[in-house]
file run.cif (mmCIF, C-alpha atoms)
data_start
loop_
_atom_site.group_PDB
_atom_site.id
_atom_site.type_symbol
_atom_site.label_atom_id
_atom_site.label_comp_id
_atom_site.auth_asym_id
_atom_site.auth_seq_id
_atom_site.Cartn_x
_atom_site.Cartn_y
_atom_site.Cartn_z
ATOM 1 C CA MET X 60 85.456 -76.359 365.161
ATOM 2 C CA LYS X 61 82.411 -77.405 367.219
ATOM 3 C CA ALA X 62 84.687 -78.395 370.112
ATOM 4 C CA CYS X 63 86.389 -74.979 369.982
ATOM 5 C CA ARG X 64 83.035 -73.163 370.164
ATOM 6 C CA LEU X 65 82.004 -75.332 373.110
ATOM 7 C CA LEU X 66 85.274 -74.612 374.891
ATOM 8 C CA LEU X 67 84.857 -70.875 374.332
ATOM 9 C CA PHE X 68 81.288 -71.099 375.630
ATOM 10 C CA VAL X 69 82.406 -72.911 378.776
ATOM 11 C CA LEU X 70 85.286 -70.520 379.390
ATOM 12 C CA SER X 71 83.003 -67.490 379.108
ATOM 13 C CA PHE X 72 81.401 -68.302 382.481
ATOM 14 C CA PRO X 73 83.040 -67.606 385.861
ATOM 15 C CA PHE X 74 83.337 -71.199 387.089
ATOM 16 C CA ALA X 75 84.764 -72.873 390.136
ATOM 17 C CA VAL X 76 85.159 -76.631 390.535
ATOM 18 C CA VAL X 77 82.960 -77.998 393.310
ATOM 19 C CA ALA X 78 84.633 -79.996 396.075
ATOM 20 C CA HIS X 79 83.480 -83.608 396.291
ATOM 21 C CA THR X 80 83.895 -84.447 399.939
ATOM 22 C CA PRO X 81 81.267 -86.888 401.246
ATOM 23 C CA GLU X 82 80.053 -84.210 403.661
ATOM 24 C CA ALA X 83 79.616 -81.636 400.879
ATOM 25 C CA VAL X 84 77.759 -84.107 398.677
ATOM 26 C CA ALA X 85 75.365 -85.102 401.457
ATOM 27 C CA GLN X 86 74.505 -81.484 402.294
ATOM 28 C CA THR X 87 73.708 -80.100 398.837
ATOM 29 C CA PRO X 88 70.292 -80.069 397.171
ATOM 30 C CA GLU X 89 71.916 -81.609 394.093
ATOM 31 C CA ALA X 90 73.326 -84.509 396.131
ATOM 32 C CA GLU X 91 72.006 -87.249 393.859
ATOM 33 C CA VAL X 92 73.592 -85.703 390.772
ATOM 34 C CA LEU X 93 76.887 -85.077 392.550
ATOM 35 C CA THR X 94 76.906 -88.656 393.797
ATOM 36 C CA LEU X 95 76.202 -90.035 390.307
ATOM 37 C CA VAL X 96 78.842 -87.879 388.621
ATOM 38 C CA THR X 97 81.451 -88.618 391.285
ATOM 39 C CA ARG X 98 80.750 -92.359 391.184
ATOM 40 C CA LEU X 99 81.193 -92.330 387.400
ATOM 41 C CA GLY X 100 84.491 -90.466 387.656
ATOM 42 C CA GLY X 101 83.132 -87.268 386.110
ATOM 43 C CA SER X 102 83.329 -83.727 387.353
ATOM 44 C CA VAL X 103 80.968 -80.826 387.907
ATOM 45 C CA THR X 104 81.434 -77.095 387.670
ATOM 46 C CA ALA X 105 79.380 -74.465 389.456
ATOM 47 C CA ALA X 106 79.237 -70.711 389.052
ATOM 48 C CA ALA X 107 81.875 -69.024 391.217
ATOM 49 C CA ALA X 108 79.524 -67.701 393.913
ATOM 50 C CA PRO X 109 79.218 -69.921 397.022
ATOM 51 C CA GLY X 110 76.182 -72.185 396.907
ATOM 52 C CA SER X 111 75.756 -71.664 393.168
ATOM 53 C CA PRO X 112 74.048 -74.346 391.102
ATOM 54 C CA ILE X 113 75.898 -76.785 388.889
ATOM 55 C CA VAL X 114 76.234 -75.312 385.394
ATOM 56 C CA ALA X 115 78.501 -77.869 383.694
ATOM 57 C CA ILE X 116 79.007 -81.617 383.976
ATOM 58 C CA ASP X 117 81.795 -83.609 382.337
ATOM 59 C CA LEU X 118 80.979 -87.305 381.930
ATOM 60 C CA HIS X 119 83.356 -87.808 379.014
ATOM 61 C CA GLY X 120 84.570 -91.395 378.884
ATOM 62 C CA SER X 121 82.370 -92.497 381.778
ATOM 63 C CA ALA X 122 79.961 -95.416 382.039
ATOM 64 C CA VAL X 123 76.936 -93.111 382.231
ATOM 65 C CA THR X 124 73.699 -94.659 380.976
ATOM 66 C CA ASP X 125 70.613 -93.199 379.345
ATOM 67 C CA ALA X 126 68.876 -93.285 382.735
ATOM 68 C CA GLY X 127 71.746 -91.370 384.317
ATOM 69 C CA VAL X 128 71.598 -88.680 381.661
ATOM 70 C CA LEU X 129 67.823 -88.414 381.907
ATOM 71 C CA SER X 130 68.114 -87.889 385.673
ATOM 72 C CA LEU X 131 69.792 -84.548 384.893
ATOM 73 C CA GLY X 132 66.561 -83.151 383.425
ATOM 74 C CA ALA X 133 65.608 -81.407 386.666
ATOM 75 C CA MET X 134 68.851 -79.401 386.716
ATOM 76 C CA GLN X 135 67.458 -76.212 385.195
ATOM 77 C CA GLN X 136 70.735 -74.271 385.585
ATOM 78 C CA LEU X 137 72.778 -76.865 383.679
ATOM 79 C CA LYS X 138 74.321 -75.266 380.577
ATOM 80 C CA VAL X 139 77.027 -77.680 379.380
ATOM 81 C CA LEU X 140 77.147 -81.489 379.369
ATOM 82 C CA LEU X 141 80.151 -83.339 377.954
ATOM 83 C CA LEU X 142 79.314 -86.879 376.855
ATOM 84 C CA GLY X 143 82.180 -87.849 374.551
ATOM 85 C CA ARG X 144 83.045 -91.551 374.461
ATOM 86 C CA THR X 145 79.897 -92.684 376.267
ATOM 87 C CA ALA X 146 77.158 -95.095 375.256
ATOM 88 C CA VAL X 147 74.368 -92.547 375.775
ATOM 89 C CA SER X 148 71.808 -92.879 372.987
ATOM 90 C CA ALA X 149 70.650 -90.131 370.666
ATOM 91 C CA GLU X 150 67.134 -90.643 372.039
ATOM 92 C CA ALA X 151 68.266 -89.915 375.599
ATOM 93 C CA MET X 152 70.142 -86.816 374.472
ATOM 94 C CA SER X 153 67.077 -85.597 372.563
ATOM 95 C CA ALA X 154 64.851 -86.159 375.582
ATOM 96 C CA LEU X 155 67.261 -84.239 377.817
ATOM 97 C CA GLN X 156 67.460 -81.431 375.247
ATOM 98 C CA ALA X 157 63.645 -81.190 375.367
ATOM 99 C CA SER X 158 63.803 -80.771 379.170
ATOM 100 C CA LEU X 159 66.718 -78.305 379.033
ATOM 101 C CA PRO X 160 66.476 -76.369 375.753
ATOM 102 C CA ASP X 161 69.488 -74.133 376.535
ATOM 103 C CA LEU X 162 71.773 -77.095 377.235
ATOM 104 C CA VAL X 163 74.872 -77.433 375.060
ATOM 105 C CA PHE X 164 76.201 -80.968 374.920
ATOM 106 C CA THR X 165 78.479 -82.992 372.774
ATOM 107 C CA GLU X 166 79.243 -86.597 372.176
ATOM 108 C CA ALA X 167 82.341 -85.758 370.173
ATOM 109 C CA THR X 168 85.742 -86.564 371.635
#

call {"tool": "encode", "arguments": {"input": "run.cif", "output": "structure tokens"}}
result
Amino acid sequence: MKACRLLLFVLSFPFAVVAHTPEAVAQTPEAEVLTLVTRLGGSVTAAAAPGSPIVAIDLHGSAVTDAGVLSLGAMQQLKVLLLGRTAVSAEAMSALQASLPDLVFTEAT
């Protein structure tokens, strides 16, 4: 049920998947986050308008660490973070939630 609500929440936004070319990554203000997510095999979603900030990150099944998750704390527009099947600790998720109170995330598969 929780996964269904999360999916409905994600689908309620007009999203577009961001291209991950090396040139695009190097030229964006969120380059470090894009590089981390891409290196881990995850994906990012931005609002549909060109140049829009990242609003969702999927790191499900990745090797993301607590430090990697905590580095997302500066991403004030981030709304959804998928962390299923990762080793991210509850402490790291709580700390990120304190930085981004509107963030919806899950560790469920």

call {"tool": "atom_distance", "arguments": {"input": "run.cif", "atom1": "atom CA of X:Thr145", "atom2": "atom CA of X:Ala107"}}
result
28.1 Å

call {"tool": "closest_residue", "arguments": {"input": "run.cif", "among": "X:Val163, X:Ala105, X:Leu129, X:Ala115", "to": "X:Glu150", "atoms": "only C-alpha atoms"}}
result
X:Leu129

call {"tool": "residues_around", "arguments": {"input": "run.cif", "residues": "X:Asp125", "least_positions_apart": "3", "cutoff": "12 Å", "atoms": "all atoms listed in the file", "output": "ChimeraX atom specification"}}
result
/X:122,128-132,142,145-155

call {"tool": "atom_distance", "arguments": {"input": "run.cif", "atom1": "atom CA of X:Glu89", "atom2": "atom CA of X:Ala133"}}
result
9.7 Å

call {"tool": "residues_around", "arguments": {"input": "run.cif", "residues": "X:Leu159", "least_positions_apart": "2", "cutoff": "8 Å", "atoms": "all atoms listed in the file", "output": "list in words"}}
result
Gly132, Gln135, Leu137, Leu155, Gln156, Ala157, Asp161 and Leu162 of chain X

call {"tool": "atom_distance", "arguments": {"input": "run.cif", "atom1": "atom CA of X:Ala108", "atom2": "atom CA of X:Leu140"}}
result
20.2 Å

call {"tool": "closest_residue", "arguments": {"input": "run.cif", "among": "X:Ile116, X:Met134, X:Val96, X:Ala106", "to": "X:Pro160", "atoms": "only C-alpha atoms"}}
result
X:Met134

call {"tool": "closest_residue", "arguments": {"input": "run.cif", "among": "X:Gly143, X:Lys138, X:Gly100, X:Ser158", "to": "X:Val114", "atoms": "all atoms listed in the file"}}
result
X:Lys138

call {"tool": "closest_residue", "arguments": {"input": "run.cif", "among": "X:Leu118, X:Gln136, X:Phe164, X:Ala126", "to": "X:Thr97", "atoms": "only C-alpha atoms"}}
result
X:Leu118
